[in-house]
file run33.pdb (PDB, C-alpha atoms)
MODEL        1
ATOM      1  CA  MET A   1     -35.478  73.354  -6.790
ATOM      2  CA  THR A   2     -33.297  70.354  -7.229
ATOM      3  CA  GLU A   3     -33.008  67.966  -4.362
ATOM      4  CA  HIS A   4     -29.451  66.959  -3.580
ATOM      5  CA  VAL A   5     -29.028  63.276  -2.907
ATOM      6  CA  GLU A   6     -25.899  61.977  -1.233
ATOM      7  CA  TRP A   7     -24.553  58.652  -2.450
ATOM      8  CA  SER A   8     -22.608  56.454  -0.105
ATOM      9  CA  GLU A   9     -20.764  53.200  -0.534
ATOM     10  CA  PRO A  10     -22.898  50.176   0.325
ATOM     11  CA  GLU A  11     -22.159  48.742   3.658
ATOM     12  CA  VAL A  12     -19.897  45.747   3.536
ATOM     13  CA  GLY A  13     -20.568  43.105   6.114
ATOM     14  CA  PRO A  14     -17.780  41.512   8.079
ATOM     15  CA  ALA A  15     -15.825  38.782   6.364
ATOM     16  CA  PRO A  16     -17.065  35.334   7.234
ATOM     17  CA  ALA A  17     -15.210  34.031  10.191
ATOM     18  CA  THR A  18     -12.791  31.201   9.511
ATOM     19  CA  ALA A  19     -12.922  28.450  12.040
ATOM     20  CA  ALA A  20      -9.805  28.619  14.129
ATOM     21  CA  VAL A  21      -7.511  25.644  14.107
ATOM     22  CA  THR A  22      -7.587  24.040  17.489
ATOM     23  CA  PRO A  23      -4.867  21.981  19.169
ATOM     24  CA  ALA A  24      -7.178  18.996  18.736
ATOM     25  CA  ASP A  25      -7.292  19.598  14.966
ATOM     26  CA  ALA A  26      -3.502  19.786  14.806
ATOM     27  CA  ALA A  27      -3.226  16.602  16.830
ATOM     28  CA  ASP A  28      -5.644  14.794  14.500
ATOM     29  CA  ALA A  29      -3.727  15.986  11.426
ATOM     30  CA  ALA A  30      -0.452  14.808  12.911
ATOM     31  CA  ARG A  31      -2.101  11.521  13.835
ATOM     32  CA  LEU A  32      -3.146  11.002  10.211
ATOM     33  CA  VAL A  33       0.394  11.648   9.024
ATOM     34  CA  ALA A  34       1.637   9.206  11.659
ATOM     35  CA  PHE A  35      -0.700   6.566  10.256
ATOM     36  CA  GLY A  36       0.733   7.309   6.821
ATOM     37  CA  LEU A  37       4.215   6.574   8.133
ATOM     38  CA  GLN A  38       3.087   3.026   9.011
ATOM     39  CA  PRO A  39       3.047   1.582   5.485
ATOM     40  CA  LYS A  40       1.855  -1.882   6.484
ATOM     41  CA  LEU A  41      -1.209  -0.545   8.293
ATOM     42  CA  GLN A  42      -4.359  -1.024   6.234
ATOM     43  CA  PRO A  43      -7.005   1.674   6.760
ATOM     44  CA  ALA A  44      -9.841  -0.866   6.675
ATOM     45  CA  ARG A  45      -8.419  -2.508   9.791
ATOM     46  CA  ASP A  46      -8.249   0.649  11.911
ATOM     47  CA  GLN A  47     -11.396   2.628  12.660
ATOM     48  CA  GLU A  48      -9.559   5.792  13.708
ATOM     49  CA  TYR A  49      -7.466   5.757  10.529
ATOM     50  CA  THR A  50     -10.603   5.302   8.422
ATOM     51  CA  GLU A  51     -12.337   8.198  10.179
ATOM     52  CA  LEU A  52      -9.363  10.540   9.698
ATOM     53  CA  LEU A  53      -9.217   9.643   6.007
ATOM     54  CA  ARG A  54     -12.918  10.453   5.700
ATOM     55  CA  ARG A  55     -12.342  13.780   7.416
ATOM     56  CA  HIS A  56      -9.462  14.557   5.057
ATOM     57  CA  ARG A  57     -11.755  13.853   2.118
ATOM     58  CA  GLU A  58     -14.746  15.844   3.369
ATOM     59  CA  ASP A  59     -13.133  18.738   5.273
ATOM     60  CA  PRO A  60     -10.877  20.887   3.027
ATOM     61  CA  ALA A  61      -9.503  22.864   5.982
ATOM     62  CA  PHE A  62      -8.458  19.687   7.760
ATOM     63  CA  ALA A  63      -6.984  18.323   4.520
ATOM     64  CA  ARG A  64      -4.836  21.452   4.128
ATOM     65  CA  LEU A  65      -3.724  21.167   7.733
ATOM     66  CA  ALA A  66      -2.714  17.502   7.389
ATOM     67  CA  ASP A  67      -0.911  18.179   4.114
ATOM     68  CA  ALA A  68       0.945  21.065   5.752
ATOM     69  CA  VAL A  69       2.032  18.829   8.629
ATOM     70  CA  ALA A  70       3.365  16.309   6.103
ATOM     71  CA  ALA A  71       5.167  19.022   4.141
ATOM     72  CA  GLY A  72       6.753  20.337   7.318
ATOM     73  CA  LEU A  73       8.205  16.883   7.936
ATOM     74  CA  GLY A  74       9.658  16.759   4.421
ATOM     75  CA  LEU A  75       7.041  14.307   3.167
ATOM     76  CA  VAL A  76       5.365  14.354  -0.234
ATOM     77  CA  VAL A  77       1.726  13.241  -0.167
ATOM     78  CA  LEU A  78       1.154  10.879  -3.092
ATOM     79  CA  GLU A  79      -2.466  10.041  -2.383
ATOM     80  CA  VAL A  80      -5.012  10.044   0.414
ATOM     81  CA  SER A  81      -7.659   7.396  -0.156
ATOM     82  CA  PRO A  82      -9.295   4.366   1.468
ATOM     83  CA  ARG A  83      -7.232   2.022  -0.741
ATOM     84  CA  ALA A  84      -3.795   3.506  -0.036
ATOM     85  CA  GLY A  85      -4.369   5.393   3.194
ATOM     86  CA  MET A  86      -2.250   8.511   3.494
ATOM     87  CA  ALA A  87       0.498   7.460   1.132
ATOM     88  CA  VAL A  88       3.595   9.587   1.594
ATOM     89  CA  THR A  89       7.137   9.475   0.327
ATOM     90  CA  ALA A  90      10.115  11.253   1.802
ATOM     91  CA  ALA A  91      11.642  14.195  -0.006
ATOM     92  CA  GLU A  92      15.406  14.107  -0.419
ATOM     93  CA  ASP A  93      15.983  16.508   2.491
ATOM     94  CA  SER A  94      13.533  14.795   4.839
ATOM     95  CA  VAL A  95      14.629  13.185   8.067
ATOM     96  CA  PHE A  96      12.587  10.167   6.915
ATOM     97  CA  ALA A  97      14.516   9.752   3.646
ATOM     98  CA  VAL A  98      16.315   6.431   3.290
ATOM     99  CA  ARG A  99      19.761   6.964   1.808
ATOM    100  CA  MET A 100      21.414   4.399  -0.388
ATOM    101  CA  GLY A 101      24.225   4.211   2.160
ATOM    102  CA  ASP A 102      21.710   3.472   4.918
ATOM    103  CA  TYR A 103      20.073   0.832   2.753
ATOM    104  CA  ALA A 104      23.459  -0.741   2.054
ATOM    105  CA  ARG A 105      24.185  -0.938   5.773
ATOM    106  CA  ARG A 106      20.783  -2.463   6.452
ATOM    107  CA  THR A 107      21.394  -5.098   3.796
ATOM    108  CA  SER A 108      25.094  -5.575   4.669
ATOM    109  CA  ALA A 109      26.048  -4.585   1.132
ATOM    110  CA  ASP A 110      29.561  -3.297   0.495
ATOM    111  CA  GLY A 111      30.243  -0.257  -1.633
ATOM    112  CA  SER A 112      30.876  -2.197  -4.833
ATOM    113  CA  ASP A 113      27.418  -3.805  -4.633
ATOM    114  CA  ARG A 114      25.376  -0.661  -4.091
ATOM    115  CA  PHE A 115      24.831  -0.081  -7.786
ATOM    116  CA  LEU A 116      23.633  -3.663  -8.194
ATOM    117  CA  HIS A 117      21.098  -3.142  -5.404
ATOM    118  CA  GLY A 118      19.825  -0.043  -7.187
ATOM    119  CA  LEU A 119      19.502  -2.011 -10.424
ATOM    120  CA  ALA A 120      17.566  -4.737  -8.604
ATOM    121  CA  HIS A 121      15.049  -2.159  -7.369
ATOM    122  CA  LEU A 122      14.662  -0.737 -10.865
ATOM    123  CA  ALA A 123      14.098  -4.227 -12.259
ATOM    124  CA  VAL A 124      11.429  -5.052  -9.663
ATOM    125  CA  ALA A 125       9.563  -1.840 -10.538
ATOM    126  CA  ALA A 126       9.867  -2.429 -14.280
ATOM    127  CA  MET A 127       8.565  -5.978 -14.016
ATOM    128  CA  ALA A 128       5.777  -5.132 -11.588
ATOM    129  CA  PHE A 129       4.379  -2.447 -13.915
ATOM    130  CA  PRO A 130       5.748  -3.118 -17.421
ATOM    131  CA  ARG A 131       3.233  -0.889 -19.253
ATOM    132  CA  PRO A 132       2.038   2.691 -18.688
ATOM    133  CA  GLU A 133      -1.557   1.453 -18.458
ATOM    134  CA  ASP A 134      -0.572  -0.802 -15.568
ATOM    135  CA  LEU A 135       0.544   2.230 -13.587
ATOM    136  CA  ALA A 136      -2.587   4.163 -14.536
ATOM    137  CA  ASP A 137      -4.990   1.395 -13.492
ATOM    138  CA  ASP A 138      -5.693   1.653  -9.747
ATOM    139  CA  GLY A 139      -6.953  -1.928  -9.746
ATOM    140  CA  TYR A 140      -3.854  -3.441 -11.333
ATOM    141  CA  ILE A 141      -1.755  -5.757  -9.159
ATOM    142  CA  GLY A 142       1.753  -6.627 -10.320
ATOM    143  CA  ARG A 143       3.395  -9.913  -9.379
ATOM    144  CA  VAL A 144       7.115 -10.632  -9.250
ATOM    145  CA  SER A 145       9.404 -13.431  -8.163
ATOM    146  CA  VAL A 146      13.046 -13.315  -7.075
ATOM    147  CA  ASN A 147      14.199 -15.713  -9.798
ATOM    148  CA  GLY A 148      12.058 -13.908 -12.349
ATOM    149  CA  VAL A 149      13.660 -10.553 -11.567
ATOM    150  CA  ASP A 150      17.150 -12.040 -11.808
ATOM    151  CA  ALA A 151      16.233 -13.668 -15.140
ATOM    152  CA  PHE A 152      14.870 -10.330 -16.362
ATOM    153  CA  VAL A 153      18.088  -8.491 -15.490
ATOM    154  CA  ARG A 154      20.234 -11.162 -17.150
ATOM    155  CA  GLN A 155      18.079 -10.968 -20.257
ATOM    156  CA  ALA A 156      18.463  -7.195 -20.208
ATOM    157  CA  CYS A 157      22.215  -7.693 -19.851
ATOM    158  CA  ARG A 158      22.262  -9.736 -23.057
ATOM    159  CA  ARG A 159      20.375  -6.972 -24.867
ATOM    160  CA  LEU A 160      22.830  -4.387 -23.597
ATOM    161  CA  GLU A 161      25.772  -6.523 -24.654
ATOM    162  CA  GLU A 162      24.303  -6.927 -28.135
ATOM    163  CA  ARG A 163      23.719  -3.184 -28.373
ATOM    164  CA  ALA A 164      27.267  -2.435 -27.251
ATOM    165  CA  ASP A 165      28.629  -4.879 -29.860
ATOM    166  CA  GLU A 166      26.584  -3.237 -32.603
ATOM    167  CA  LEU A 167      27.853   0.211 -31.639
ATOM    168  CA  GLY A 168      31.428  -0.960 -31.222
ATOM    169  CA  GLU A 169      31.367   0.089 -27.591
ATOM    170  CA  ASN A 170      31.930  -3.276 -25.960
ATOM    171  CA  THR A 171      34.794  -2.101 -23.815
ATOM    172  CA  ASP A 172      35.202  -2.808 -20.132
ATOM    173  CA  PRO A 173      34.490   0.375 -18.145
ATOM    174  CA  ALA A 174      35.296   0.946 -14.508
ATOM    175  CA  THR A 175      32.936  -0.940 -12.235
ATOM    176  CA  ASP A 176      31.709   2.283 -10.642
ATOM    177  CA  ALA A 177      30.830   3.904 -13.975
ATOM    178  CA  PRO A 178      27.229   5.161 -14.096
ATOM    179  CA  GLY A 179      24.512   3.815 -16.361
ATOM    180  CA  LEU A 180      23.129   0.436 -17.293
ATOM    181  CA  GLU A 181      25.914  -0.162 -19.843
ATOM    182  CA  ALA A 182      28.319  -0.588 -16.935
ATOM    183  CA  ALA A 183      25.893  -2.456 -14.685
ATOM    184  CA  TRP A 184      25.293  -5.413 -16.985
ATOM    185  CA  ARG A 185      28.973  -6.348 -17.017
ATOM    186  CA  ILE A 186      28.998  -6.511 -13.235
ATOM    187  CA  TRP A 187      25.721  -8.412 -12.948
ATOM    188  CA  VAL A 188      26.521 -11.156 -15.463
ATOM    189  CA  ARG A 189      29.851 -11.915 -13.771
ATOM    190  CA  ARG A 190      28.107 -12.502 -10.459
ATOM    191  CA  SER A 191      26.823 -15.974  -9.591
ATOM    192  CA  ALA A 192      23.041 -16.272  -9.526
ATOM    193  CA  THR A 193      22.908 -18.268  -6.272
ATOM    194  CA  GLY A 194      26.432 -18.741  -4.946
ATOM    195  CA  ALA A 195      28.626 -21.744  -4.535
ATOM    196  CA  THR A 196      27.359 -23.548  -1.431
ATOM    197  CA  LYS A 197      27.027 -27.334  -1.607
ATOM    198  CA  ASP A 198      23.263 -27.199  -1.180
ATOM    199  CA  ALA A 199      22.894 -24.317  -3.658
ATOM    200  CA  ARG A 200      21.609 -21.956  -0.995
ATOM    201  CA  ARG A 201      21.308 -18.350  -2.021
ATOM    202  CA  LEU A 202      24.310 -16.325  -0.923
ATOM    203  CA  ALA A 203      23.819 -12.706   0.100
ATOM    204  CA  GLY A 204      26.232 -11.469  -2.550
ATOM    205  CA  SER A 205      24.712 -13.519  -5.380
ATOM    206  CA  THR A 206      22.362 -11.797  -7.793
ATOM    207  CA  THR A 207      19.302 -13.612  -6.430
ATOM    208  CA  GLY A 208      20.539 -12.712  -2.953
ATOM    209  CA  ILE A 209      20.635  -9.056  -3.979
ATOM    210  CA  VAL A 210      17.127  -9.272  -5.453
ATOM    211  CA  GLY A 211      15.972 -11.082  -2.323
ATOM    212  CA  LYS A 212      17.195  -8.204  -0.163
ATOM    213  CA  ALA A 213      15.483  -5.696  -2.426
ATOM    214  CA  VAL A 214      12.079  -7.402  -2.229
ATOM    215  CA  ALA A 215      12.478  -7.962   1.530
ATOM    216  CA  PHE A 216      13.108  -4.232   1.978
ATOM    217  CA  LEU A 217      10.080  -3.404  -0.188
ATOM    218  CA  THR A 218       7.958  -5.836   1.823
ATOM    219  CA  ASP A 219       9.079  -4.292   5.137
ATOM    220  CA  SER A 220       8.250  -0.877   3.661
ATOM    221  CA  GLY A 221       4.689  -1.915   2.772
ATOM    222  CA  PHE A 222       5.289  -1.862  -0.987
ATOM    223  CA  LEU A 223       5.104  -5.619  -1.605
ATOM    224  CA  GLN A 224       3.331  -8.538   0.042
ATOM    225  CA  ARG A 225       4.862 -12.011   0.010
ATOM    226  CA  THR A 226       2.546 -14.587  -1.539
ATOM    227  CA  GLY A 227       4.646 -17.761  -1.662
ATOM    228  CA  ASP A 228       8.024 -19.468  -1.706
ATOM    229  CA  ASP A 229       8.163 -20.580  -5.350
ATOM    230  CA  ASN A 230      10.875 -19.239  -7.643
ATOM    231  CA  GLY A 231      12.889 -17.825  -4.780
ATOM    232  CA  GLY A 232       9.852 -16.066  -3.325
ATOM    233  CA  THR A 233       6.803 -14.567  -5.017
ATOM    234  CA  TYR A 234       5.287 -11.171  -4.242
ATOM    235  CA  ARG A 235       2.360  -8.951  -5.165
ATOM    236  CA  THR A 236       2.345  -5.173  -5.303
ATOM    237  CA  THR A 237       0.397  -2.848  -3.028
ATOM    238  CA  ALA A 238      -1.352   0.422  -3.827
ATOM    239  CA  ARG A 239       1.505   2.280  -2.128
ATOM    240  CA  TYR A 240       4.081   0.690  -4.413
ATOM    241  CA  GLN A 241       2.074   1.623  -7.488
ATOM    242  CA  LEU A 242       2.050   5.230  -6.311
ATOM    243  CA  GLN A 243       5.780   5.078  -5.560
ATOM    244  CA  VAL A 244       6.595   3.714  -9.036
ATOM    245  CA  ARG A 245       4.377   6.337 -10.651
ATOM    246  CA  ASP A 246       6.471   8.942  -8.869
ATOM    247  CA  MET A 247       9.729   7.480 -10.219
ATOM    248  CA  ALA A 248       8.492   6.359 -13.637
ATOM    249  CA  GLY A 249      10.064   9.343 -15.386
ATOM    250  CA  SER A 250      13.590   8.538 -14.261
ATOM    251  CA  ALA A 251      16.146   8.022 -17.018
ATOM    252  CA  ALA A 252      17.280   4.652 -15.662
ATOM    253  CA  MET A 253      13.721   3.332 -15.486
ATOM    254  CA  ALA A 254      13.003   4.476 -19.029
ATOM    255  CA  GLU A 255      16.218   2.942 -20.335
ATOM    256  CA  LEU A 256      15.433  -0.393 -18.722
ATOM    257  CA  LEU A 257      11.898  -0.523 -20.121
ATOM    258  CA  GLU A 258      13.061   0.501 -23.591
ATOM    259  CA  LEU A 259      15.085  -2.694 -23.833
ATOM    260  CA  GLY A 260      11.781  -4.499 -24.348
ATOM    261  CA  VAL A 261      12.673  -7.668 -22.461
ATOM    262  CA  VAL A 262       9.429  -7.924 -20.474
ATOM    263  CA  PRO A 263       7.018 -10.100 -22.478
ATOM    264  CA  VAL A 264       3.439  -8.907 -22.034
ATOM    265  CA  THR A 265       0.386 -10.621 -23.472
ATOM    266  CA  ASP A 266      -2.939 -10.435 -21.669
ATOM    267  CA  GLY A 267      -1.921  -7.888 -19.040
ATOM    268  CA  THR A 268      -1.447 -10.396 -16.211
ATOM    269  CA  PRO A 269       2.315 -10.982 -16.123
ATOM    270  CA  THR A 270       3.483 -13.968 -14.125
ATOM    271  CA  LEU A 271       7.142 -12.995 -14.175
ATOM    272  CA  LEU A 272       8.255 -16.575 -13.659
ATOM    273  CA  PRO A 273      11.369 -18.118 -15.270
ATOM    274  CA  ALA A 274      10.940 -20.971 -17.697
ATOM    275  CA  GLU A 275      11.148 -24.425 -16.151
ATOM    276  CA  ASP A 276      14.208 -25.511 -18.119
ATOM    277  CA  THR A 277      16.331 -22.413 -17.506
ATOM    278  CA  HIS A 278      16.808 -19.543 -15.110
ATOM    279  CA  ASP A 279      17.605 -17.133 -17.929
ATOM    280  CA  GLU A 280      14.370 -17.007 -19.923
ATOM    281  CA  LEU A 281      10.978 -15.613 -19.004
ATOM    282  CA  VAL A 282       7.667 -17.323 -19.605
ATOM    283  CA  ALA A 283       5.147 -15.460 -21.751
ATOM    284  CA  ASP A 284       2.195 -13.843 -19.962
ATOM    285  CA  ALA A 285       4.408 -11.916 -18.065
ATOM    286  CA  GLY A 286      12.231   5.801  -9.684
ATOM    287  CA  LEU A 287      13.392   3.796  -6.027
ATOM    288  CA  PRO A 288      12.312   4.058  -2.471
ATOM    289  CA  PHE A 289      15.611   5.617  -1.398
ATOM    290  CA  HIS A 290      17.805   8.562  -2.318
ATOM    291  CA  SER A 291      21.382   8.464  -3.526
TER     292      SER A 291
ENDMDL
END
call {"tool": "encode", "arguments": {"input": "run33.pdb", "output": "C-alpha cells"}}
result
Amino acid sequence: MTEHVEWSEPEVGPAPATAAVTPADAADAARLVAFGLQPKLQPARDQEYTELLRRHREDPAFARLADAVAAGLGLVVLEVSPRAGMAVTAAEDSVFAVRMGDYARRTSADGSDRFLHGLAHLAVAAMAFPRPEDLADDGYIGRVSVNGVDAFVRQACRRLEERADELGENTDPATDAPGLEAAWRIWVRRSATGATKDARRLAGSTTGIVGKAVAFLTDSGFLQRTGDDNGGTYRTTARYQLQVRDMAGSAAMAELLELGVVPVTDGTPTLLPAEDTHDELVADAGLPFHS
C-alpha cells in the first residue's frame, strides 16, 4: 500500500515592512534642498546642515526622498558631500533657472552685449580648469583674475583671427552671428577699460564685462574673492568645479580650450597678465544660466 503524500507550496512570510515616510522626514528632505539653494553656506559652519548631509549619506531612503524633492523643483543634484554640501543646478525648465535675459537685466547689459557676457563666463571656466585632470581632481583650486581673463580672451581672439585668415574666412559677419568666430571681432573692438580720465573700468568695457561675470559667480557661491590685484583675483569653490564639469562637454567650451592659449606648466595656473602688457599671459598659468 502506497502512502499518498500531499505537497504544498512553502509558506511565504509577509514582505518586510518599509518604513513609512513621515511628514518630519519630508520636512528634513526639503530642508536639505533648501540648504543646497544657499550656495554660500558652508556645511562645516552649520550643524543642522552637516547632520542632514550625514543622514543623506547613511540613510538610502532619506537620500531618495531628498533627491526626489530636488527633482520635483527642477533641480539636478550634482553632488552631496561635506565639501560641496548639496550641490544642485537648475534644469532649463526649473523655476530656479537663471535665464540669460535675467542675467543681462541684473548686470544692466543691453542685448548686443549678451553674447560677450556669455563668452566671459566661458573664458572664466576655461581658465579656472584648463585641463581635464583639473576638473577630475576634487582638491584642485583654480585661480583667475579679471585682467587675466580679458587677456586670455584677447589672445584667443588673435588665434581666431589667424585661423580665419588661413582659411580665407576673415569676413565681417553680423554681430549677432553665433560662434566664437563672430565673438572675437566684437570683443577686440571693445575698449578694455573705457575712456574715463582716471582709467576706471566702465561697465561696457571688456574688463567691466568680466568683472560682472565674476561678481555674479561670487554671489552664486562659485567663486571667492581673494584680492584686488589685476582687477580682482578669485579662487574657485567645489560647487563651481561641479558646475564646470556639468558644462565641460559644450561645443563652445571645447572650441575655446582647443585654441590652446592657456599656458600650463606645473598645474598651478596664476592666470595673471604680464607686467608690461595686458595682452599676454604669464607662464604657470557649460554656464550657470540658460539661454
call {"tool": "resolve_selection", "arguments": {"input": "run33.pdb", "expression": "the PyMOL selection byres ((chain A and resi 141) around 9)", "output": "number ranges by chain"}}
result
A: 128-129, 134, 137-140, 142-143, 235-238, 241, 268
call {"tool": "closest_residue", "arguments": {"input": "run33.pdb", "among": "A:Leu202, A:Val95, A:Val80, A:Leu119", "to": "Thr50 in chain A", "atoms": "all atoms listed in the file"}}
result
A:Val80
call {"tool": "atom_distance", "arguments": {"input": "run33.pdb", "atom1": "CA of Arg55 in chain A", "atom2": "CA of Tyr240 in chain A"}}
result
24.1 Å
call {"tool": "residues_near_point", "arguments": {"input": "run33.pdb", "point": "(8.4, -2.4, -2.5)", "cutoff": "10 Å", "atoms": "all atoms listed in the file", "output": "list in words"}}
result
His121, Val124, Ala125, Ala128, Ala213, Val214, Ala215, Phe216, Leu217, Thr218, Asp219, Ser220, Gly221, Phe222, Leu223, Gln224, Tyr234, Arg235, Thr236, Thr237, Arg239, Tyr240, Gln241, Gln243, Val244, Leu287 and Pro288 of chain A
call {"tool": "resolve_selection", "arguments": {"input": "run33.pdb", "expression": "the PyMOL selection byres ((chain A and resi 29) around 12)", "output": "PyMOL selection string"}}
result
chain A and resi 21-28+30-36+48-49+51-53+55-56+59+61-71+86
call {"tool": "closest_residue", "arguments": {"input": "run33.pdb", "among": "A:Pro39, A:Pro130, A:Pro82, A:Gly227", "to": "Phe152 in chain A", "atoms": "only C-alpha atoms"}}
result
A:Pro130
call {"tool": "atom_distance", "arguments": {"input": "run33.pdb", "atom1": "CA of Gly231 in chain A", "atom2": "CA of Gly211 in chain A"}}
result
7.8 Å
call {"tool": "atom_distance", "arguments": {"input": "run33.pdb", "atom1": "CA of Gly148 in chain A", "atom2": "CA of Asp246 in chain A"}}
result
23.8 Å
call {"tool": "closest_residue", "arguments": {"input": "run33.pdb", "among": "A:Asp93, A:Glu58, A:Asp228, A:Asp46", "to": "Asn147 in chain A", "atoms": "all atoms listed in the file"}}
result
A:Asp228
call {"tool": "resolve_selection", "arguments": {"input": "run33.pdb", "expression": "the PyMOL selection byres ((chain A and resi 187) around 10)", "output": "ChimeraX atom specification"}}
result
/A:113,115-116,119-120,150,153-154,157,182-186,188-192,205-206
call {"tool": "write_last_selection", "arguments": {"input": "run33.pdb", "atoms": "C-alpha atoms", "output": "PDB file, in the coordinates of the input"}}
result
ATOM      1  CA  ASP A 113      27.418  -3.805  -4.633  1.00  0.00           C
ATOM      2  CA  PHE A 115      24.831  -0.081  -7.786  1.00  0.00           C
ATOM      3  CA  LEU A 116      23.633  -3.663  -8.194  1.00  0.00           C
ATOM      4  CA  LEU A 119      19.502  -2.011 -10.424  1.00  0.00           C
ATOM      5  CA  ALA A 120      17.566  -4.737  -8.604  1.00  0.00           C
ATOM      6  CA  ASP A 150      17.150 -12.040 -11.808  1.00  0.00           C
ATOM      7  CA  VAL A 153      18.088  -8.491 -15.490  1.00  0.00           C
ATOM      8  CA  ARG A 154      20.234 -11.162 -17.150  1.00  0.00           C
ATOM      9  CA  CYS A 157      22.215  -7.693 -19.851  1.00  0.00           C
ATOM     10  CA  ALA A 182      28.319  -0.588 -16.935  1.00  0.00           C
ATOM     11  CA  ALA A 183      25.893  -2.456 -14.685  1.00  0.00           C
ATOM     12  CA  TRP A 184      25.293  -5.413 -16.985  1.00  0.00           C
ATOM     13  CA  ARG A 185      28.973  -6.348 -17.017  1.00  0.00           C
ATOM     14  CA  ILE A 186      28.998  -6.511 -13.235  1.00  0.00           C
ATOM     15  CA  VAL A 188      26.521 -11.156 -15.463  1.00  0.00           C
ATOM     16  CA  ARG A 189      29.851 -11.915 -13.771  1.00  0.00           C
ATOM     17  CA  ARG A 190      28.107 -12.502 -10.459  1.00  0.00           C
ATOM     18  CA  SER A 191      26.823 -15.974  -9.591  1.00  0.00           C
ATOM     19  CA  ALA A 192      23.041 -16.272  -9.526  1.00  0.00           C
ATOM     20  CA  SER A 205      24.712 -13.519  -5.380  1.00  0.00           C
ATOM     21  CA  THR A 206      22.362 -11.797  -7.793  1.00  0.00           C
TER      22      THR A 206
END
call {"tool": "residues_near_point", "arguments": {"input": "run33.pdb", "point": "(14.2, -14.7, -4.1)", "cutoff": "7 Å", "atoms": "only C-alpha atoms", "output": "list in words"}}
result
Ser145, Val146, Asn147, Thr207, Gly208, Val210, Gly211, Asn230, Gly231 and Gly232 of chain A
call {"tool": "closest_residue", "arguments": {"input": "run33.pdb", "among": "A:Leu160, A:Glu166, A:Val149, A:Val144", "to": "Thr226 in chain A", "atoms": "all atoms listed in the file"}}
result
A:Val144
call {"tool": "residues_around", "arguments": {"input": "run33.pdb", "residues": "Leu78 in chain A", "least_positions_apart": "6", "cutoff": "7 Å", "atoms": "only C-alpha atoms", "output": "PyMOL selection string"}}
result
chain A and resi 87-88+242
call {"tool": "decode", "arguments": {"input": "run33.pdb", "residues": "range 81-85 of chain A", "atoms": "all heavy atoms", "output": "CSV table (one decimal), in the first residue's frame"}}
result
chain,number,residue,atom,x,y,z
A,81,SER,N,28.0,66.1,-0.5
A,81,SER,CA,29.2,65.7,0.2
A,81,SER,C,29.5,66.8,1.2
A,81,SER,O,29.0,67.9,1.1
A,81,SER,CB,30.3,65.6,-0.8
A,81,SER,OG,30.7,66.8,-1.3
A,82,PRO,N,30.3,66.5,2.2
A,82,PRO,CA,30.7,67.5,3.2
A,82,PRO,C,31.5,68.7,2.5
A,82,PRO,O,31.4,69.8,3.0
A,82,PRO,CB,31.7,66.8,4.1
A,82,PRO,CG,31.2,65.3,4.0
A,82,PRO,CD,30.8,65.2,2.6
A,83,ARG,N,32.2,68.4,1.4
A,83,ARG,CA,33.0,69.5,0.8
A,83,ARG,C,32.1,70.5,0.0
A,83,ARG,O,32.3,71.7,0.0
A,83,ARG,CB,34.1,69.0,-0.1
A,83,ARG,CG,33.6,68.5,-1.5
A,83,ARG,CD,34.7,68.0,-2.4
A,83,ARG,NE,34.2,67.8,-3.7
A,83,ARG,CZ,34.6,68.4,-4.8
A,83,ARG,NH1,35.4,69.4,-4.7
A,83,ARG,NH2,34.1,68.1,-6.0
A,84,ALA,N,31.1,70.0,-0.7
A,84,ALA,CA,30.2,70.8,-1.5
A,84,ALA,C,28.8,71.0,-1.0
A,84,ALA,O,28.1,71.8,-1.5
A,84,ALA,CB,30.2,70.2,-2.9
A,85,GLY,N,28.5,70.3,0.1
A,85,GLY,CA,27.1,70.4,0.6
A,85,GLY,C,26.2,69.6,-0.4
A,85,GLY,O,26.6,68.7,-1.1
